[in-house]
$ cat model26.tsv   # TSV, C-alpha atoms
chain	number	residue	atom	x	y	z
A	339	MET	CA	-12.08	-58.56	137.37
A	340	VAL	CA	-15.35	-57.42	138.90
A	341	GLY	CA	-18.81	-57.23	137.39
A	342	LEU	CA	-21.29	-55.07	139.26
A	343	GLY	CA	-24.96	-55.85	139.68
A	344	ASN	CA	-27.67	-56.49	142.24
A	345	PRO	CA	-28.31	-59.92	143.78
A	346	GLY	CA	-31.54	-61.85	143.52
A	347	PRO	CA	-34.15	-62.78	140.93
A	348	ASP	CA	-35.91	-59.39	141.08
A	349	TYR	CA	-32.83	-57.74	139.53
A	350	GLU	CA	-31.45	-60.56	137.40
A	351	ASN	CA	-32.68	-59.25	134.05
A	352	THR	CA	-32.26	-55.53	134.64
A	353	ARG	CA	-30.00	-53.03	132.89
A	354	HIS	CA	-28.05	-52.48	136.10
A	355	ASN	CA	-26.88	-56.13	136.10
A	356	ILE	CA	-24.90	-55.96	132.87
A	357	GLY	CA	-21.66	-56.46	134.84
A	358	PHE	CA	-22.97	-59.78	136.17
A	359	TRP	CA	-24.14	-60.78	132.68
A	360	PHE	CA	-20.72	-60.11	131.19
A	361	LEU	CA	-18.86	-62.15	133.81
A	362	ASP	CA	-21.32	-65.02	133.27
A	363	TYR	CA	-20.59	-64.74	129.54
A	364	LEU	CA	-16.82	-64.92	130.12
A	365	ALA	CA	-17.13	-67.86	132.50
A	366	HIS	CA	-19.21	-69.75	129.93
A	367	LYS	CA	-17.08	-68.78	126.91
A	368	PHE	CA	-13.84	-69.85	128.58
A	369	HIS	CA	-15.26	-72.93	130.34
A	370	LEU	CA	-14.58	-71.73	133.87
A	371	ALA	CA	-16.05	-73.44	136.91
A	372	ASP	CA	-19.38	-72.30	138.31
A	373	PHE	CA	-19.30	-69.23	140.53
A	374	ILE	CA	-19.04	-70.12	144.22
A	375	ARG	CA	-19.67	-68.03	147.29
A	376	SER	CA	-16.62	-66.39	148.82
A	377	GLY	CA	-17.85	-64.16	151.64
A	378	PRO	CA	-20.05	-61.40	150.19
A	379	CYS	CA	-19.02	-62.27	146.62
A	380	LEU	CA	-19.42	-64.99	144.03
A	381	THR	CA	-16.14	-65.95	142.38
A	382	THR	CA	-14.68	-68.19	139.73
A	383	GLU	CA	-11.21	-68.26	138.31
A	384	GLY	CA	-9.17	-69.78	135.57
A	385	GLN	CA	-7.26	-69.28	132.38
A	386	ILE	CA	-8.59	-66.88	129.78
A	387	GLU	CA	-6.30	-66.67	126.75
A	388	GLY	CA	-3.31	-67.59	128.93
A	389	LEU	CA	-4.22	-65.12	131.67
A	390	ASN	CA	-5.00	-66.23	135.22
A	391	LEU	CA	-8.12	-64.25	136.09
A	392	LEU	CA	-10.35	-64.12	139.13
A	393	LEU	CA	-13.91	-63.09	138.22
A	394	VAL	CA	-15.90	-61.52	141.05
A	395	LYS	CA	-19.58	-60.67	141.43
A	396	PRO	CA	-20.24	-58.76	144.69
A	397	ILE	CA	-23.59	-59.94	146.06
A	398	LEU	CA	-24.36	-56.98	148.26
A	399	TYR	CA	-26.55	-54.40	146.56
A	400	MET	CA	-24.96	-52.15	143.95
A	401	ASN	CA	-24.27	-49.20	146.23
A	402	ARG	CA	-22.44	-51.56	148.65
A	403	SER	CA	-20.35	-53.36	146.01
A	404	GLY	CA	-17.15	-51.82	147.33
A	405	GLN	CA	-17.75	-53.22	150.81
A	406	ALA	CA	-18.07	-56.72	149.37
A	407	LEU	CA	-14.96	-56.31	147.24
A	408	SER	CA	-13.00	-54.89	150.18
A	409	ALA	CA	-13.98	-57.90	152.32
A	410	LEU	CA	-12.75	-60.24	149.58
A	411	TRP	CA	-9.52	-58.24	149.20
A	412	ARG	CA	-8.75	-58.66	152.93
A	413	VAL	CA	-8.80	-62.47	152.64
A	414	ARG	CA	-7.57	-62.73	149.08
A	415	PRO	CA	-5.40	-59.71	148.25
A	416	PHE	CA	-5.10	-58.61	144.64
A	417	ILE	CA	-3.21	-55.79	142.95
A	418	LEU	CA	-5.61	-52.85	142.88
A	419	GLU	CA	-4.01	-51.41	139.74
A	420	ASN	CA	-4.90	-54.65	137.89
A	421	LEU	CA	-8.57	-54.42	138.86
A	422	LEU	CA	-11.02	-54.11	135.98
A	423	VAL	CA	-14.61	-53.15	136.89
A	424	CYS	CA	-17.49	-53.91	134.47
A	425	ILE	CA	-20.49	-51.60	134.83
A	426	ASP	CA	-23.54	-50.21	133.08
A	427	ASP	CA	-23.46	-46.61	131.85
A	428	VAL	CA	-26.59	-44.56	131.10
A	429	SER	CA	-24.54	-41.88	129.36
A	430	LEU	CA	-23.54	-44.33	126.61
A	431	PRO	CA	-26.12	-45.51	124.08
A	432	VAL	CA	-27.18	-49.13	124.14
A	433	GLY	CA	-24.65	-51.28	122.31
A	434	LYS	CA	-21.61	-49.07	122.95
A	435	ILE	CA	-18.68	-50.14	125.10
A	436	ARG	CA	-15.87	-48.03	126.53
A	437	ILE	CA	-12.77	-49.19	128.34
A	438	ARG	CA	-11.03	-46.45	130.29
A	439	ALA	CA	-8.28	-45.93	132.80
A	440	GLN	CA	-8.78	-44.51	136.25
A	441	GLY	CA	-11.00	-41.55	137.00
A	442	SER	CA	-14.15	-40.55	138.79
A	443	ALA	CA	-17.19	-42.74	139.29
A	444	GLY	CA	-19.12	-40.64	136.78
A	445	GLY	CA	-22.26	-40.79	138.92
A	446	HIS	CA	-22.30	-44.60	139.12
A	447	LYS	CA	-23.01	-45.49	142.76
A	448	GLY	CA	-21.58	-49.00	142.50
A	449	LEU	CA	-18.30	-47.73	141.09
A	450	ALA	CA	-18.27	-44.94	143.70
A	451	SER	CA	-18.60	-47.61	146.39
A	452	VAL	CA	-15.66	-49.56	144.92
A	453	ILE	CA	-13.48	-46.43	144.75
A	454	ASP	CA	-14.42	-45.36	148.28
A	455	SER	CA	-14.01	-48.80	149.88
A	456	LEU	CA	-10.69	-49.61	148.21
A	457	GLY	CA	-9.38	-46.07	148.62
A	458	THR	CA	-8.26	-45.72	145.01
A	459	ASP	CA	-9.65	-44.77	141.63
A	460	ALA	CA	-6.81	-46.64	139.87
A	461	CYS	CA	-9.07	-49.41	138.55
A	462	ILE	CA	-9.86	-49.84	134.86
A	463	ARG	CA	-13.52	-49.43	133.86
A	464	LEU	CA	-15.31	-51.36	131.16
A	465	ARG	CA	-18.57	-49.53	130.60
A	466	PHE	CA	-21.55	-50.99	128.77
A	467	GLY	CA	-23.99	-48.50	127.29
A	468	ILE	CA	-27.57	-48.86	128.52
A	469	GLY	CA	-28.80	-45.34	127.73
A	470	LYS	CA	-31.47	-44.01	125.41
A	471	GLU	CA	-31.96	-40.68	123.69
A	472	SER	CA	-34.63	-39.72	126.18
A	473	LEU	CA	-33.79	-40.68	129.76
A	474	PRO	CA	-36.12	-40.08	132.69
A	475	GLU	CA	-35.03	-37.51	135.25
A	476	GLU	CA	-35.05	-40.17	137.98
A	477	LEU	CA	-32.80	-42.98	136.75
A	478	THR	CA	-33.43	-45.58	139.47
A	479	ASP	CA	-36.51	-47.10	137.85
A	480	PHE	CA	-34.82	-47.01	134.44
A	481	VAL	CA	-31.64	-48.87	135.45
A	482	LEU	CA	-33.71	-51.40	137.39
A	483	SER	CA	-35.91	-52.13	134.38
A	484	PRO	CA	-35.34	-54.86	131.79
A	485	PHE	CA	-34.04	-54.13	128.31
A	486	GLU	CA	-36.38	-54.16	125.35
A	487	THR	CA	-35.52	-57.18	123.14
A	488	GLU	CA	-33.75	-55.09	120.50
A	489	GLU	CA	-31.68	-53.30	123.15
A	490	GLU	CA	-30.73	-56.53	124.90
A	491	ASN	CA	-29.54	-58.01	121.61
A	492	ALA	CA	-27.45	-54.89	120.90
A	493	VAL	CA	-25.75	-55.22	124.30
A	494	LEU	CA	-25.17	-58.97	124.04
A	495	ASP	CA	-23.76	-58.54	120.53
A	496	ARG	CA	-20.93	-56.46	122.04
A	497	PHE	CA	-19.83	-59.05	124.61
A	498	ASP	CA	-17.31	-60.65	122.25
A	499	ASP	CA	-15.73	-57.23	121.58
A	500	ALA	CA	-15.76	-56.52	125.32
A	501	ALA	CA	-13.95	-59.83	125.93
A	502	GLY	CA	-11.39	-58.73	123.35
A	503	ALA	CA	-10.98	-55.41	125.17
A	504	VAL	CA	-10.34	-57.23	128.44
A	505	ILE	CA	-7.76	-59.56	126.92
A	506	THR	CA	-6.07	-56.68	125.09
A	507	TYR	CA	-5.94	-54.61	128.30
A	508	TYR	CA	-4.33	-57.41	130.30
A	509	THR	CA	-1.87	-58.41	127.56
A	510	GLN	CA	-1.07	-55.13	125.76
A	511	GLY	CA	-2.18	-52.34	128.08
A	512	ILE	CA	-5.00	-49.86	128.41
A	513	GLU	CA	-3.92	-47.56	125.57
A	514	LYS	CA	-4.04	-50.40	123.04
A	515	ALA	CA	-7.41	-51.61	124.37
A	516	MET	CA	-8.85	-48.10	124.16
A	517	SER	CA	-7.59	-47.56	120.61
A	518	LEU	CA	-9.04	-50.84	119.39
A	519	TYR	CA	-12.38	-50.97	121.21
A	520	ASN	CA	-13.53	-47.40	121.95
A	521	ALA	CA	-14.38	-46.54	118.32
$ encode --input "model26.tsv" --output "C-alpha cells"
Amino acid sequence: MVGLGNPGPDYENTRHNIGFWFLDYLAHKFHLADFIRSGPCLTTEGQIEGLNLLLVKPILYMNRSGQALSALWRVRPFILENLLVCIDDVSLPVGKIRIRAQGSAGGHKGLASVIDSLGTDACIRLRFGIGKESLPEELTDFVLSPFETEEENAVLDRFDDAAGAVITYYTQGIEKAMSLYNA
C-alpha cells in the first residue's frame, strides 16, 4: 500500500500530502512500528485486521514517486495487482473518498509516475477529495497549499471510512469496497 506525497517540512501540511497523512494514520491506528528508510522510500509493515500489509511512502518528489516504488520493488518484490495507491484528487470535493480499480492517472502526476515506472495501471486507487467549487487554472500552488481548518477536518473525518475501504478491498474485493464506500 502506497501513500503519495512530497518529502520535507515545506510540504508536510499540504493538500498534496494526503497519501502520507493517511498512511501515518493507519500506522498509528494499528500500532505499527515507526516508518524506516528503505532506499528511496519510508516503510512500515504489520498486521491490520489480520492482513499483512507493507505501507510505503516514496520520498522522492511526487512526480518521481514511481521511480522510488520501482526501486523498492526490485529489492522487495510485491504483487502489482495487490498494490493500492492513496492520492489526493482535485476533482473530488473535500471530504469525499473514492476507491477504484485500474485506469488512467486522471491527470495526477504522482500516479502517472507509478503507472509508468511499474509498467501497469492495474493498481487500486484510493482517492481523497481536496477540491473546491472554484479551482485556480494553475493547480500547482493549490495542491501545495495547506487546507483551511474546516477542510482539513472534513478530510481527517473520512480516514476511518478510508481504512474500512482498504480492509474491505483486501478481504472482500474491489467491487464490495466500491459499493460500500463510494456513496
$ residues_around --input "model26.tsv" --residues "region 444-458 of chain A" --least-positions-apart "2" --cutoff "9 Å" --atoms "all atoms listed in the file" --output "PyMOL selection string"
chain A and resi 342-343+399-408+411+418-419+423+425-427+440-442+460-461+463
$ closest_residue --input "model26.tsv" --among "A:Thr352, A:Lys395, A:Gly511, A:Phe373" --to "Val340 (chain A)" --atoms "all atoms listed in the file"
A:Lys395
$ closest_residue --input "model26.tsv" --among "A:Cys379, A:Val481, A:Val413, A:Ala492" --to "Pro431 (chain A)" --atoms "all atoms listed in the file"
A:Ala492
$ axis_aligned_box --input "model26.tsv" --around "region 451-465 of chain A" --padding-each-side "4 Å" --output "AutoDock Vina command-line options"
--center_x -12.7 --center_y -48.1 --center_z 140.2 --size_x 19.8 --size_y 14.6 --size_z 27.3
$ closest_residue --input "model26.tsv" --among "A:Asp348, A:Glu488, A:Glu513, A:Asp362" --to "Ile462 (chain A)" --atoms "all atoms listed in the file"
A:Glu513
$ closest_residue --input "model26.tsv" --among "A:Met339, A:Arg414, A:Ile437, A:Gly377" --to "Leu392 (chain A)" --atoms "only C-alpha atoms"
A:Met339
$ residues_around --input "model26.tsv" --residues "Gly433 (chain A)" --least-positions-apart "2" --cutoff "9 Å" --atoms "only C-alpha atoms" --output "JSON, numbers by chain"
{"A": [430, 431, 435, 466, 467, 468, 489, 490, 491, 492, 493, 494, 495, 496]}
$ closest_residue --input "model26.tsv" --among "A:Gly357, A:Gly341, A:Gly384, A:Gly346" --to "His369 (chain A)" --atoms "all atoms listed in the file"
A:Gly384
$ closest_residue --input "model26.tsv" --among "A:Leu410, A:Asp499, A:Ser472, A:Phe360" --to "Cys424 (chain A)" --atoms "all atoms listed in the file"
A:Phe360
$ atom_distance --input "model26.tsv" --atom1 "CA of Arg436 (chain A)" --atom2 "CA of Ile397 (chain A)"
24.1 Å
$ atom_distance --input "model26.tsv" --atom1 "CA of Asn520 (chain A)" --atom2 "CA of Arg438 (chain A)"
8.8 Å
$ atom_distance --input "model26.tsv" --atom1 "CA of Ala409 (chain A)" --atom2 "CA of Arg375 (chain A)"
12.7 Å
$ residues_around --input "model26.tsv" --residues "Ile386 (chain A)" --least-positions-apart "5" --cutoff "10 Å" --atoms "only C-alpha atoms" --output "mmCIF file with C-alpha atoms, in the coordinates of the input"
data_model
loop_
_atom_site.group_PDB
_atom_site.id
_atom_site.type_symbol
_atom_site.label_atom_id
_atom_site.label_comp_id
_atom_site.auth_asym_id
_atom_site.auth_seq_id
_atom_site.Cartn_x
_atom_site.Cartn_y
_atom_site.Cartn_z
ATOM 1 C CA LEU A 364 -16.820 -64.920 130.120
ATOM 2 C CA ALA A 365 -17.130 -67.860 132.500
ATOM 3 C CA LYS A 367 -17.080 -68.780 126.910
ATOM 4 C CA PHE A 368 -13.840 -69.850 128.580
ATOM 5 C CA HIS A 369 -15.260 -72.930 130.340
ATOM 6 C CA LEU A 370 -14.580 -71.730 133.870
ATOM 7 C CA LEU A 391 -8.120 -64.250 136.090
ATOM 8 C CA LEU A 392 -10.350 -64.120 139.130
ATOM 9 C CA ALA A 501 -13.950 -59.830 125.930
ATOM 10 C CA VAL A 504 -10.340 -57.230 128.440
ATOM 11 C CA ILE A 505 -7.760 -59.560 126.920
#
$ residues_around --input "model26.tsv" --residues "Asp479 (chain A)" --least-positions-apart "4" --cutoff "12 Å" --atoms "all atoms listed in the file" --output "JSON, numbers by chain"
{"A": [349, 352, 353, 354, 473, 474, 475, 483, 484]}
$ residues_around --input "model26.tsv" --residues "Asp372 (chain A)" --least-positions-apart "6" --cutoff "9 Å" --atoms "all atoms listed in the file" --output "list in words"
Ala365, His366, Thr381 and Thr382 of chain A
$ decode --input "model26.tsv" --residues "region 394-439 of chain A" --atoms "N, CA and C atoms" --output "short mmCIF file (atom, residue, chain, number, x, y, z; two decimals), in the first residue's frame"
data_model
loop_
_atom_site.label_atom_id
_atom_site.label_comp_id
_atom_site.auth_asym_id
_atom_site.auth_seq_id
_atom_site.Cartn_x
_atom_site.Cartn_y
_atom_site.Cartn_z
N VAL A 394 4.04 2.07 2.35
CA VAL A 394 5.18 2.69 1.68
C VAL A 394 4.91 4.16 1.40
N LYS A 395 5.87 5.01 1.77
CA LYS A 395 5.83 6.43 1.42
C LYS A 395 7.08 6.72 0.58
N PRO A 396 6.93 6.87 -0.75
CA PRO A 396 8.09 7.24 -1.57
C PRO A 396 8.57 8.63 -1.15
N ILE A 397 9.88 8.79 -1.00
CA ILE A 397 10.39 10.09 -0.53
C ILE A 397 11.15 10.85 -1.60
N LEU A 398 10.91 10.48 -2.86
CA LEU A 398 11.29 11.36 -3.96
C LEU A 398 10.08 12.27 -4.17
N TYR A 399 10.24 13.33 -4.91
CA TYR A 399 9.10 14.22 -5.10
C TYR A 399 7.98 13.53 -5.87
N MET A 400 6.78 14.06 -5.73
CA MET A 400 5.56 13.44 -6.23
C MET A 400 5.71 12.90 -7.65
N ASN A 401 6.23 13.71 -8.56
CA ASN A 401 6.29 13.27 -9.95
C ASN A 401 7.38 12.24 -10.21
N ARG A 402 8.09 11.82 -9.16
CA ARG A 402 9.09 10.75 -9.26
C ARG A 402 8.73 9.58 -8.33
N SER A 403 7.52 9.56 -7.83
CA SER A 403 7.08 8.51 -6.89
C SER A 403 7.25 7.12 -7.48
N GLY A 404 6.97 6.98 -8.74
CA GLY A 404 7.08 5.68 -9.39
C GLY A 404 8.50 5.15 -9.41
N GLN A 405 9.46 6.05 -9.58
CA GLN A 405 10.87 5.63 -9.57
C GLN A 405 11.25 5.07 -8.21
N ALA A 406 10.78 5.71 -7.16
CA ALA A 406 11.06 5.24 -5.80
C ALA A 406 10.41 3.88 -5.56
N LEU A 407 9.17 3.75 -5.97
CA LEU A 407 8.44 2.49 -5.79
C LEU A 407 9.06 1.37 -6.60
N SER A 408 9.49 1.68 -7.81
CA SER A 408 10.14 0.70 -8.67
C SER A 408 11.45 0.21 -8.03
N ALA A 409 12.21 1.13 -7.44
CA ALA A 409 13.46 0.75 -6.77
C ALA A 409 13.17 -0.19 -5.60
N LEU A 410 12.13 0.10 -4.85
CA LEU A 410 11.74 -0.76 -3.74
C LEU A 410 11.31 -2.13 -4.26
N TRP A 411 10.53 -2.14 -5.33
CA TRP A 411 10.02 -3.39 -5.91
C TRP A 411 11.15 -4.31 -6.35
N ARG A 412 12.25 -3.73 -6.85
CA ARG A 412 13.39 -4.55 -7.30
C ARG A 412 14.05 -5.29 -6.14
N VAL A 413 14.07 -4.70 -4.96
CA VAL A 413 14.70 -5.38 -3.81
C VAL A 413 13.69 -6.09 -2.92
N ARG A 414 12.44 -5.72 -3.06
CA ARG A 414 11.40 -6.33 -2.24
C ARG A 414 10.14 -6.50 -3.10
N PRO A 415 10.14 -7.50 -3.99
CA PRO A 415 9.03 -7.65 -4.93
C PRO A 415 7.67 -7.81 -4.24
N PHE A 416 6.67 -7.23 -4.85
CA PHE A 416 5.29 -7.37 -4.38
C PHE A 416 4.41 -7.61 -5.60
N ILE A 417 3.23 -8.11 -5.37
CA ILE A 417 2.30 -8.39 -6.46
C ILE A 417 1.65 -7.08 -6.90
N LEU A 418 1.94 -6.67 -8.11
CA LEU A 418 1.46 -5.37 -8.60
C LEU A 418 -0.06 -5.25 -8.54
N GLU A 419 -0.76 -6.35 -8.80
CA GLU A 419 -2.22 -6.31 -8.78
C GLU A 419 -2.78 -6.10 -7.38
N ASN A 420 -1.96 -6.30 -6.34
CA ASN A 420 -2.40 -6.07 -4.96
C ASN A 420 -2.06 -4.66 -4.47
N LEU A 421 -1.40 -3.88 -5.31
CA LEU A 421 -0.97 -2.54 -4.93
C LEU A 421 -2.16 -1.60 -4.83
N LEU A 422 -2.23 -0.87 -3.73
CA LEU A 422 -3.25 0.15 -3.51
C LEU A 422 -2.51 1.47 -3.34
N VAL A 423 -2.86 2.47 -4.14
CA VAL A 423 -2.19 3.77 -4.11
C VAL A 423 -3.15 4.82 -3.56
N CYS A 424 -2.72 5.55 -2.53
CA CYS A 424 -3.53 6.58 -1.88
C CYS A 424 -3.06 7.95 -2.35
N ILE A 425 -3.98 8.72 -2.94
CA ILE A 425 -3.62 10.00 -3.53
C ILE A 425 -4.68 11.06 -3.27
N ASP A 426 -4.28 12.31 -3.48
CA ASP A 426 -5.21 13.43 -3.46
C ASP A 426 -5.89 13.53 -4.82
N ASP A 427 -7.07 14.15 -4.85
CA ASP A 427 -7.80 14.32 -6.11
C ASP A 427 -8.54 15.64 -6.10
N VAL A 428 -8.11 16.56 -6.97
CA VAL A 428 -8.75 17.89 -7.03
C VAL A 428 -10.13 17.84 -7.66
N SER A 429 -10.45 16.76 -8.37
CA SER A 429 -11.77 16.68 -9.00
C SER A 429 -12.84 16.21 -8.03
N LEU A 430 -12.45 15.74 -6.86
CA LEU A 430 -13.40 15.36 -5.81
C LEU A 430 -13.46 16.46 -4.77
N PRO A 431 -14.65 16.78 -4.27
CA PRO A 431 -14.74 17.80 -3.21
C PRO A 431 -14.08 17.31 -1.92
N VAL A 432 -13.62 18.26 -1.15
CA VAL A 432 -13.02 17.96 0.15
C VAL A 432 -13.98 17.08 0.96
N GLY A 433 -13.43 16.03 1.55
CA GLY A 433 -14.23 15.15 2.39
C GLY A 433 -14.80 13.94 1.68
N LYS A 434 -14.64 13.85 0.37
CA LYS A 434 -15.09 12.68 -0.38
C LYS A 434 -13.93 11.71 -0.55
N ILE A 435 -14.25 10.42 -0.56
CA ILE A 435 -13.25 9.41 -0.90
C ILE A 435 -13.82 8.55 -2.02
N ARG A 436 -12.94 8.00 -2.82
CA ARG A 436 -13.33 7.07 -3.89
C ARG A 436 -12.26 5.99 -3.97
N ILE A 437 -12.70 4.75 -3.95
CA ILE A 437 -11.79 3.64 -4.21
C ILE A 437 -12.18 3.09 -5.56
N ARG A 438 -11.19 2.88 -6.41
CA ARG A 438 -11.46 2.45 -7.78
C ARG A 438 -10.42 1.44 -8.23
N ALA A 439 -10.83 0.65 -9.21
CA ALA A 439 -9.92 -0.30 -9.82
C ALA A 439 -9.02 0.43 -10.82
#
